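Enquirer: This is entry.txt, which holds compact mmCIF, C-alpha atoms:
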```txt
# COMPACT_ATOMS: atom_id res chain seq x y z
CA MET A 806 -26.48 -12.66 9.97
CA VAL A 807 -26.70 -16.45 10.23
CA SER A 808 -28.09 -16.71 6.68
CA LEU A 809 -25.09 -14.71 5.39
CA ALA A 810 -22.86 -17.48 6.70
CA ASN A 811 -24.04 -19.53 3.71
CA PRO A 812 -21.63 -18.73 0.81
CA THR A 813 -24.41 -18.97 -1.82
CA ARG A 814 -26.61 -16.52 0.10
CA PHE A 815 -23.58 -14.30 0.63
CA LEU A 816 -22.90 -14.27 -3.14
CA SER A 817 -26.53 -13.37 -3.79
CA LEU A 818 -26.37 -10.45 -1.36
CA VAL A 819 -23.08 -9.22 -2.88
CA ASP A 820 -24.63 -9.28 -6.37
CA ARG A 821 -27.56 -7.16 -5.18
CA MET A 822 -25.40 -4.68 -3.23
CA MET A 823 -22.71 -4.17 -5.86
CA PRO A 824 -24.33 -1.53 -8.13
CA TRP A 825 -25.46 0.62 -5.17
CA LEU A 826 -22.17 0.34 -3.35
CA THR A 827 -20.19 1.16 -6.50
CA ALA A 828 -22.33 4.24 -7.20
CA LEU A 829 -22.16 5.48 -3.60
CA THR A 830 -18.39 5.01 -3.47
CA LEU A 831 -17.81 6.92 -6.72
CA ILE A 832 -20.15 9.76 -5.66
CA LEU A 833 -18.44 10.13 -2.27
CA LEU A 834 -14.98 10.00 -3.86
CA GLY A 835 -16.06 12.75 -6.27
CA ILE A 836 -17.44 14.92 -3.45
CA GLY A 837 -14.33 14.29 -1.33
CA LEU A 838 -11.93 15.25 -4.13
CA TYR A 839 -14.02 18.34 -4.94
CA LEU A 840 -13.92 19.45 -1.29
CA ALA A 841 -10.20 18.70 -1.06
CA PHE A 842 -9.14 20.59 -4.18
CA PHE A 843 -11.77 23.33 -4.61
CA VAL A 844 -13.22 24.09 -1.16
CA ALA A 845 -10.72 23.30 1.62
CA PRO A 846 -8.55 26.28 2.53
CA PRO A 847 -4.77 25.98 3.00
CA ASP A 848 -3.74 25.12 6.57
CA TYR A 849 -2.14 27.98 8.53
CA GLN A 850 1.03 25.90 9.08
CA GLN A 851 1.07 23.24 6.33
CA GLY A 852 -0.29 25.39 3.52
CA GLU A 853 -1.64 23.38 0.56
CA THR A 854 0.32 20.32 1.71
CA VAL A 855 -2.64 19.58 3.99
CA LYS A 856 -4.30 18.10 0.88
CA ILE A 857 -2.02 15.07 1.29
CA ILE A 858 -3.60 14.50 4.73
CA PHE A 859 -6.99 13.93 3.06
CA ILE A 860 -5.63 10.68 1.57
CA HIS A 861 -2.89 9.82 4.06
CA VAL A 862 -5.11 9.69 7.17
CA PRO A 863 -7.95 7.58 5.61
CA ALA A 864 -5.35 5.19 4.16
CA ALA A 865 -3.70 4.85 7.59
CA TRP A 866 -7.06 4.21 9.27
CA LEU A 867 -7.91 1.54 6.70
CA ALA A 868 -4.49 -0.05 7.05
CA MET A 869 -5.37 -0.74 10.70
CA PHE A 870 -9.04 -1.51 9.96
CA GLY A 871 -7.95 -4.14 7.41
CA TYR A 872 -5.69 -5.84 9.90
CA MET A 873 -8.33 -5.80 12.63
CA LEU A 874 -10.75 -7.37 10.15
CA ILE A 875 -8.19 -10.12 9.47
CA ALA A 876 -7.64 -10.66 13.20
CA VAL A 877 -11.39 -10.99 13.91
CA ALA A 878 -11.77 -13.31 10.89
CA ALA A 879 -8.81 -15.33 12.21
CA LEU A 880 -10.82 -15.99 15.37
CA GLY A 881 -13.69 -17.15 13.15
CA THR A 882 -11.31 -19.53 11.37
CA LEU A 883 -9.69 -20.97 14.48
CA ILE A 884 -12.69 -21.12 16.86
CA TRP A 885 -15.73 -21.68 14.60
CA ARG A 886 -13.84 -22.97 11.53
CA HIS A 887 -16.16 -20.99 9.35
CA PRO A 888 -15.18 -21.07 5.63
CA LEU A 889 -16.26 -17.45 5.03
CA ALA A 890 -14.01 -16.25 7.87
CA ASP A 891 -10.96 -17.63 6.12
CA VAL A 892 -12.13 -16.17 2.80
CA ALA A 893 -12.64 -12.76 4.45
CA ALA A 894 -9.19 -12.79 6.03
CA LYS A 895 -7.36 -13.91 2.90
CA THR A 896 -9.02 -11.35 0.65
CA ALA A 897 -8.60 -8.44 3.10
CA ALA A 898 -4.80 -8.87 3.13
CA PRO A 899 -3.90 -7.44 -0.31
CA ILE A 900 -6.35 -4.56 0.16
CA GLY A 901 -4.99 -3.75 3.61
CA ALA A 902 -1.42 -4.02 2.30
CA THR A 903 -2.23 -1.57 -0.50
CA PHE A 904 -3.72 1.00 1.90
CA THR A 905 -0.71 0.57 4.23
CA PHE A 906 1.60 1.18 1.26
CA ILE A 907 -0.42 4.31 0.37
CA ALA A 908 -0.21 5.54 3.99
CA LEU A 909 3.57 5.04 4.05
CA VAL A 910 4.22 6.69 0.67
CA THR A 911 1.87 9.65 1.15
CA GLY A 912 3.25 10.13 4.67
CA SER A 913 6.78 10.29 3.25
CA LEU A 914 5.67 12.74 0.56
CA TRP A 915 4.09 14.92 3.27
CA GLY A 916 7.11 14.55 5.57
CA LYS A 917 9.71 15.84 3.12
CA PRO A 918 8.30 19.40 2.79
CA MET A 919 7.00 19.53 6.40
CA TRP A 920 9.70 17.74 8.42
CA GLY A 921 12.55 18.06 5.92
CA THR A 922 12.89 14.28 5.57
CA TYR A 923 11.06 11.42 3.85
CA TRP A 924 11.57 9.02 6.74
CA VAL A 925 12.49 8.86 10.41
CA TRP A 926 12.64 5.72 12.53
CA ASP A 927 10.11 7.00 15.04
CA ALA A 928 7.64 4.69 16.77
CA ARG A 929 4.59 5.53 14.60
CA LEU A 930 6.34 5.23 11.23
CA THR A 931 8.25 2.10 12.23
CA SER A 932 5.17 0.32 13.64
CA VAL A 933 3.25 1.05 10.40
CA LEU A 934 6.19 -0.33 8.41
CA VAL A 935 6.00 -3.46 10.60
CA LEU A 936 2.26 -3.65 9.77
CA PHE A 937 3.11 -3.57 6.05
CA LEU A 938 5.65 -6.38 6.55
CA LEU A 939 3.02 -8.39 8.48
CA TYR A 940 0.64 -8.04 5.54
CA LEU A 941 3.38 -9.23 3.16
CA GLY A 942 4.10 -12.17 5.49
CA LEU A 943 0.43 -13.18 5.49
CA LEU A 944 0.24 -12.95 1.70
CA ALA A 945 3.39 -15.08 1.37
CA LEU A 946 1.98 -17.67 3.79
CA TRP A 947 -1.28 -18.01 1.82
CA GLN A 948 0.76 -18.43 -1.38
CA ALA A 949 3.13 -20.98 0.17
CA ILE A 950 0.48 -23.50 1.35
CA GLU A 951 -1.67 -24.94 -1.42
CA GLU A 952 -4.53 -26.42 0.62
CA PRO A 953 -6.82 -23.48 1.59
CA GLY A 954 -7.86 -24.93 4.97
CA ARG A 955 -4.28 -25.45 6.20
CA ALA A 956 -3.15 -22.11 4.77
CA GLY A 957 -6.07 -20.37 6.49
CA ARG A 958 -5.28 -21.84 9.92
CA ALA A 959 -1.55 -21.03 9.67
CA ALA A 960 -2.31 -17.48 8.53
CA ALA A 961 -4.89 -17.04 11.30
CA ILE A 962 -2.25 -17.81 13.96
CA LEU A 963 0.21 -15.36 12.39
CA ALA A 964 -2.55 -12.73 12.09
CA LEU A 965 -3.48 -13.02 15.77
CA VAL A 966 0.17 -12.79 16.87
CA GLY A 967 0.63 -9.71 14.66
CA ALA A 968 -2.52 -8.05 16.03
CA VAL A 969 -0.47 -6.90 19.01
CA ASN A 970 1.00 -4.30 16.62
CA ILE A 971 -2.35 -2.48 16.22
CA PRO A 972 -2.51 -0.92 19.74
CA ILE A 973 1.23 -0.21 19.43
CA ILE A 974 0.54 1.80 16.24
CA HIS A 975 -2.40 3.62 17.84
CA TYR A 976 -0.69 4.53 21.12
CA SER A 977 2.85 4.96 19.75
CA VAL A 978 2.39 8.74 19.63
CA VAL A 979 1.32 8.70 23.30
CA TRP A 980 3.79 6.20 24.73
CA TRP A 981 6.89 7.55 22.98
CA ASN A 982 8.20 10.96 21.99
CA THR A 983 7.62 10.83 18.22
CA LEU A 984 8.06 13.26 15.34
CA HIS A 985 4.62 12.11 14.14
CA GLN A 986 1.90 14.29 15.66
CA PRO A 987 -0.61 12.80 18.16
CA ALA A 988 -4.23 11.97 17.28
CA SER A 989 -6.17 15.03 16.10
CA VAL A 990 -9.56 13.56 15.09
CA PHE A 991 -10.53 10.70 17.43
CA ARG A 992 -9.42 12.07 20.78
CA VAL A 993 -10.86 12.98 24.16
CA GLY A 994 -12.17 16.53 23.91
CA GLY A 995 -13.03 16.29 20.20
CA PRO A 996 -11.08 16.94 17.01
CA THR A 997 -8.46 19.70 16.96
CA ILE A 998 -8.82 20.19 13.18
CA ASP A 999 -10.76 23.18 11.86
CA PRO A 1000 -14.19 22.12 10.47
CA SER A 1001 -13.25 23.44 7.02
CA LEU A 1002 -10.47 20.81 6.87
CA LEU A 1003 -12.27 18.15 8.92
CA ALA A 1004 -15.21 17.93 6.48
CA PRO A 1005 -13.17 16.86 3.41
CA LEU A 1006 -11.11 14.53 5.60
CA LEU A 1007 -14.21 12.73 6.90
CA VAL A 1008 -15.84 12.54 3.45
CA MET A 1009 -12.64 11.07 2.00
CA ALA A 1010 -12.41 8.65 4.93
CA LEU A 1011 -15.97 7.46 4.30
CA ALA A 1012 -15.30 7.15 0.54
CA PHE A 1013 -12.08 5.16 1.14
CA THR A 1014 -13.91 2.92 3.63
CA LEU A 1015 -16.66 2.16 1.09
CA LEU A 1016 -13.97 1.52 -1.54
CA PHE A 1017 -12.31 -0.95 0.83
CA ILE A 1018 -15.63 -2.73 1.47
CA LEU A 1019 -16.49 -2.79 -2.25
CA LEU A 1020 -13.13 -4.28 -3.27
CA HIS A 1021 -13.28 -6.71 -0.37
CA LEU A 1022 -16.72 -8.01 -1.34
CA ILE A 1023 -15.67 -8.50 -5.01
CA SER A 1024 -12.50 -10.23 -3.87
CA MET A 1025 -14.43 -12.49 -1.46
CA ARG A 1026 -16.78 -13.47 -4.28
CA ALA A 1027 -13.78 -14.34 -6.50
CA GLU A 1028 -12.21 -16.42 -3.71
CA ILE A 1029 -15.44 -18.39 -3.08
CA LEU A 1030 -15.67 -19.13 -6.82
CA ARG A 1031 -11.95 -20.10 -6.91
CA ARG A 1032 -12.59 -22.66 -4.16
CA ARG A 1033 -15.61 -24.03 -6.03
CA VAL A 1034 -13.50 -24.37 -9.19
CA ARG A 1035 -10.80 -26.15 -7.19
CA ALA A 1036 -13.33 -28.53 -5.62
CA LEU A 1037 -14.93 -29.31 -9.01
CA ARG A 1038 -11.54 -30.02 -10.58
CA GLN A 1039 -10.70 -32.38 -7.75
CA THR A 1040 -14.02 -34.14 -8.26
CA GLN A 1041 -13.26 -34.39 -11.98
CA VAL A 1042 -9.84 -35.96 -11.29
CA GLU A 1043 -11.33 -38.42 -8.78
CA ARG A 1044 -14.05 -39.47 -11.24
CA ALA A 1045 -11.45 -39.97 -13.99
CA ALA A 1046 -9.33 -42.09 -11.62
CA LEU A 1047 -12.37 -44.24 -10.74
CA VAL A 1048 -13.21 -44.78 -14.42
CA GLU A 1049 -9.62 -45.83 -15.17
CA ALA A 1050 -9.60 -48.22 -12.17
CA MET B 899 -8.57 24.47 -8.55
CA SER B 900 -6.46 26.45 -6.12
CA ASP B 901 -2.76 27.08 -6.69
CA LEU B 902 -1.00 24.15 -5.04
CA GLY B 903 1.91 26.30 -3.91
CA PRO B 904 5.62 25.47 -3.70
CA HIS B 905 5.02 21.84 -2.71
CA ALA B 906 2.72 21.02 -5.64
CA VAL B 907 4.97 18.20 -6.82
CA PHE B 908 4.62 16.39 -3.47
CA ILE B 909 0.82 16.83 -3.45
CA LEU B 910 0.43 15.61 -7.03
CA ALA B 911 2.84 12.71 -6.45
CA ALA B 912 0.83 11.61 -3.37
CA TYR B 913 -2.46 11.65 -5.27
CA GLY B 914 -0.81 10.03 -8.31
CA VAL B 915 0.66 7.14 -6.30
CA THR B 916 -2.69 6.63 -4.54
CA PHE B 917 -4.59 6.58 -7.83
CA VAL B 918 -2.18 4.11 -9.46
CA ALA B 919 -2.13 1.81 -6.41
CA VAL B 920 -5.93 1.75 -6.04
CA ALA B 921 -6.50 1.39 -9.80
CA ALA B 922 -4.03 -1.53 -10.01
CA LEU B 923 -5.63 -3.23 -6.99
CA ALA B 924 -9.15 -2.78 -8.39
CA PHE B 925 -8.04 -4.07 -11.82
CA PHE B 926 -6.48 -7.24 -10.39
CA ILE B 927 -9.49 -7.93 -8.13
CA VAL B 928 -12.09 -7.40 -10.88
CA GLU B 929 -10.06 -9.44 -13.39
CA ASP B 930 -9.67 -12.28 -10.89
CA ASP B 931 -13.44 -12.23 -10.26
CA ARG B 932 -14.15 -12.44 -14.00
CA LYS B 933 -11.59 -15.22 -14.46
CA GLN B 934 -13.13 -17.38 -11.69
CA ARG B 935 -16.64 -16.87 -13.13
CA ARG B 936 -15.36 -17.97 -16.57
CA LEU B 937 -13.62 -21.06 -15.17
CA LEU B 938 -16.69 -22.12 -13.19
CA ALA B 939 -19.03 -21.54 -16.11
CA ASP B 940 -16.69 -23.60 -18.32
CA LEU B 941 -16.70 -26.52 -15.87
CA GLU B 942 -20.50 -26.41 -15.56
CA ARG B 943 -20.87 -26.35 -19.37
CA ARG B 944 -18.91 -29.60 -19.40
CA GLY B 945 -21.42 -31.10 -16.95
CA ILE B 946 -19.23 -30.88 -13.87
CA ARG B 947 -21.41 -29.44 -11.10
CA ARG B 948 -21.47 -29.21 -7.36
CA ARG B 949 -23.57 -31.90 -5.68
CA SER B 950 -25.77 -29.21 -4.08
CA ALA B 951 -26.28 -27.47 -7.43
CA SER B 952 -27.22 -30.67 -9.28
CA ALA B 953 -29.41 -31.99 -6.42
CA LYS B 954 -31.58 -28.85 -6.24
CA PRO B 955 -32.21 -27.73 -9.82
CA LYS B 956 -35.43 -25.94 -8.82
CA GLY B 957 -34.04 -24.21 -5.75
CA GLY B 958 -34.91 -20.84 -4.19
CA ALA B 959 -33.94 -17.36 -5.27
CA ALA B 960 -30.41 -17.68 -3.97
CA GLU B 961 -29.78 -20.87 -5.93
CA LYS B 962 -31.29 -19.33 -9.08
CA ARG B 963 -29.02 -16.34 -8.72
CA ALA B 964 -26.08 -18.61 -8.06
CA ARG B 965 -26.85 -20.52 -11.26
CA LYS B 966 -27.27 -17.31 -13.18
CA HIS B 967 -23.73 -16.32 -12.20
CA GLY B 968 -22.35 -19.76 -12.73
CA THR B 969 -21.58 -20.39 -9.08
```
Turn the structure described in the file into structure tokens.

Expert:
Amino acid sequence: MVSLANPTRFLSLVDRMMPWLTALTLILLGIGLYLAFFVAPPDYQQGETVKIIFIHVPAAWLAMFGYMLIAVAALGTLIWRHPLADVAAKTAAPIGATFTFIALVTGSLWGKPMWGTYWVWDARLTSVLVLFLLYLGLLALWQAIEEPGRAGRAAAILALVGAVNIPIIHYSVVWWNTLHQPASVFRVGGPTIDPSLLAPLLVMALAFTLLFILLHLISMRAEILRRRVRALRQTQVERAALVEA
Amino acid sequence: MSDLGPHAVFILAAYGVTFVAVAALAFFIVEDDRKQRRLLADLERRGIRRRSASAKPKGGAAEKRARKHGT
């Protein structure tokens, strides 16, 4: 793990992992979509609309996973001042924001035929909307401050403050009376979903998770290279200034 | 594929939005990665290198790979 803390070694590992990770992600996505559309039976209450759950639930899990990743990386930035921690946090934000957006939109598209409305201001939906706004705030903060080190520290503080929203999202269906149903997969006593619907859901969740990791690794590589380009350009400018002096 | 029933439009819209969002995200990330590689390779072609890269021209496997990818 310590050797991975070196950006050059990290880039080398990413290069080696990329073809395998890409292939595995595509295969799992293919299997997941096949199970969702050709194998999974209609739910006894939701009918075929249960197919939306196969993308909505993984997207919602990854929305929270992405933010937790940013929060842990924020600790790495503030406590250990590790450059890769800041890179990991910055590059996870757009990916997490996209999965949060997908969770919100697919949830609305499921809600209209099932609940009769696209949106209600219940605790679960509202706290996920707050999560999306937190992601947008982090992205805006990174854009607003040019120097990566300062931007990283400011964003890390905001990320840690916003992390309080994650348990609120998770327990919102327990603490408050919400239209959104309570947890049905990760719960005491085991999942309440029939195995014929649980299997495609878990395969899609694994595929989405690998997709998240794949995109995150590519994005981290791009960010490391961007910082090298920035450093080299600064060196170039300094050398030119010295020559002129 | 099974008949998607009376709510087919909602199911297809959900998968459509997901596909477009993920495809757009992947496109921007991959393009950004390519752009940074190009920029770095361009700087190195002009002789502007990191101190660590120019100090260790015969480095280990990681450095060789880094050079191969213009990092």

Enquirer: Calculate how many Å separate CA of Ile950 in chain A from CA of Arg935 in chain B, rounding to one decimal.

Expert: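 Between CA of Ile950 in chain A and CA of Arg935 in chain B the gap works out to 23.4 Å.
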
Enquirer: Counting all atoms listed in the file, select every polymer residue within 12 Å of (7.8, 20.7, 3.2) as defined in the file's coordinates, and provide the selection as a list in words.

Expert: Gln850, Gln851, Gly852, Glu853, Thr854, Val855, Ile857, Gly912, Ser913, Leu914, Trp915, Gly916, Lys917, Pro918, Met919, Trp920, Gly921, Thr922 and Tyr923 of chain A; Gly903, Pro904, His905, Ala906, Val907, Phe908 and Ile909 of chain B

Enquirer: Please report as a Markdown table every residue of chain A lying within 8 Å of chain B, along with the nearest atom pair and their distance in Å (one decimal), using only C-alpha atoms.

Expert:
```
| residue | atom | partner | partner_atom | distance |
| --- | --- | --- | --- | --- |
| A:Thr813 | CA | B:Ala964 | CA | 6.5 |
| A:Arg814 | CA | B:Ala960 | CA | 5.7 |
| A:Leu816 | CA | B:Ala964 | CA | 7.3 |
| A:Ser817 | CA | B:Ala960 | CA | 5.8 |
| A:Phe842 | CA | B:Met899 | CA | 5.9 |
| A:Phe843 | CA | B:Met899 | CA | 5.2 |
| A:Gly852 | CA | B:Gly903 | CA | 7.8 |
| A:Glu853 | CA | B:Leu902 | CA | 5.7 |
| A:Thr854 | CA | B:Ile909 | CA | 6.2 |
| A:Lys856 | CA | B:Ile909 | CA | 6.8 |
| A:Ile857 | CA | B:Ile909 | CA | 5.8 |
| A:Ile860 | CA | B:Tyr913 | CA | 7.6 |
| A:Ile900 | CA | B:Leu923 | CA | 7.3 |
| A:Thr903 | CA | B:Ala919 | CA | 6.8 |
| A:Ile907 | CA | B:Thr916 | CA | 5.9 |
| A:Val910 | CA | B:Ala912 | CA | 7.2 |
| A:Thr911 | CA | B:Ala912 | CA | 5.0 |
| A:Leu914 | CA | B:Phe908 | CA | 5.5 |
| A:Trp915 | CA | B:Phe908 | CA | 6.9 |
| A:Pro918 | CA | B:His905 | CA | 6.9 |
| A:Leu1020 | CA | B:Ala924 | CA | 6.7 |
| A:Ile1023 | CA | B:Asp931 | CA | 6.8 |
| A:Ser1024 | CA | B:Ile927 | CA | 5.7 |
| A:Arg1026 | CA | B:Asp931 | CA | 7.0 |
| A:Ala1027 | CA | B:Asp931 | CA | 4.3 |
| A:Glu1028 | CA | B:Asp931 | CA | 7.9 |
| A:Leu1030 | CA | B:Gln934 | CA | 5.8 |
| A:Arg1031 | CA | B:Gln934 | CA | 5.6 |
| A:Arg1033 | CA | B:Leu938 | CA | 7.5 |
| A:Val1034 | CA | B:Leu938 | CA | 5.6 |
| A:Leu1037 | CA | B:Ile946 | CA | 6.7 |
| A:Gln1041 | CA | B:Ile946 | CA | 7.2 |
```

Enquirer: Show me as a PyMOL selection string the residues that reach within 9 Å of (-7.0, 3.9, 5.8), counting only C-alpha atoms and using the file's own coordinates.

Expert: chain A and resi 860-871+901+904-905+907-908+1010+1013-1014+1017

Enquirer: For CA of Phe937 in chain A and CA of Ala960 in chain A, quote the distance in Å rounded to one decimal.

Expert: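 Interatomic distance, CA of Phe937 in chain A to CA of Ala960 in chain A: 15.1 Å.
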
Enquirer: Rounded to one decimal place, report the CA of Tyr839 in chain A-CA of Met1009 in chain A distance in Å.

Expert: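 If I compute the distance from CA of Tyr839 in chain A to CA of Met1009 in chain A, I get 10.1 Å.
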
Enquirer: Quick one: everything within 10 Å of Leu826 in chain A, counting only C-alpha atoms, minus sequence neighbours fewer than 6 positions away in the same chain. Send it as a list in words.

Expert: Val819, Ile832, Leu1015, Leu1016, Ile1018 and Leu1019 of chain A

Enquirer: Next, the residues of the selection above should be written as a compact mmCIF listing (two decimals), keeping the file's coordinate frame with C-alpha atoms.

Expert:
```txt
# COMPACT_ATOMS: atom_id res chain seq x y z
CA VAL A 819 -23.08 -9.22 -2.88
CA ILE A 832 -20.15 9.76 -5.66
CA LEU A 1015 -16.66 2.16 1.09
CA LEU A 1016 -13.97 1.52 -1.54
CA ILE A 1018 -15.63 -2.73 1.47
CA LEU A 1019 -16.49 -2.79 -2.25
```
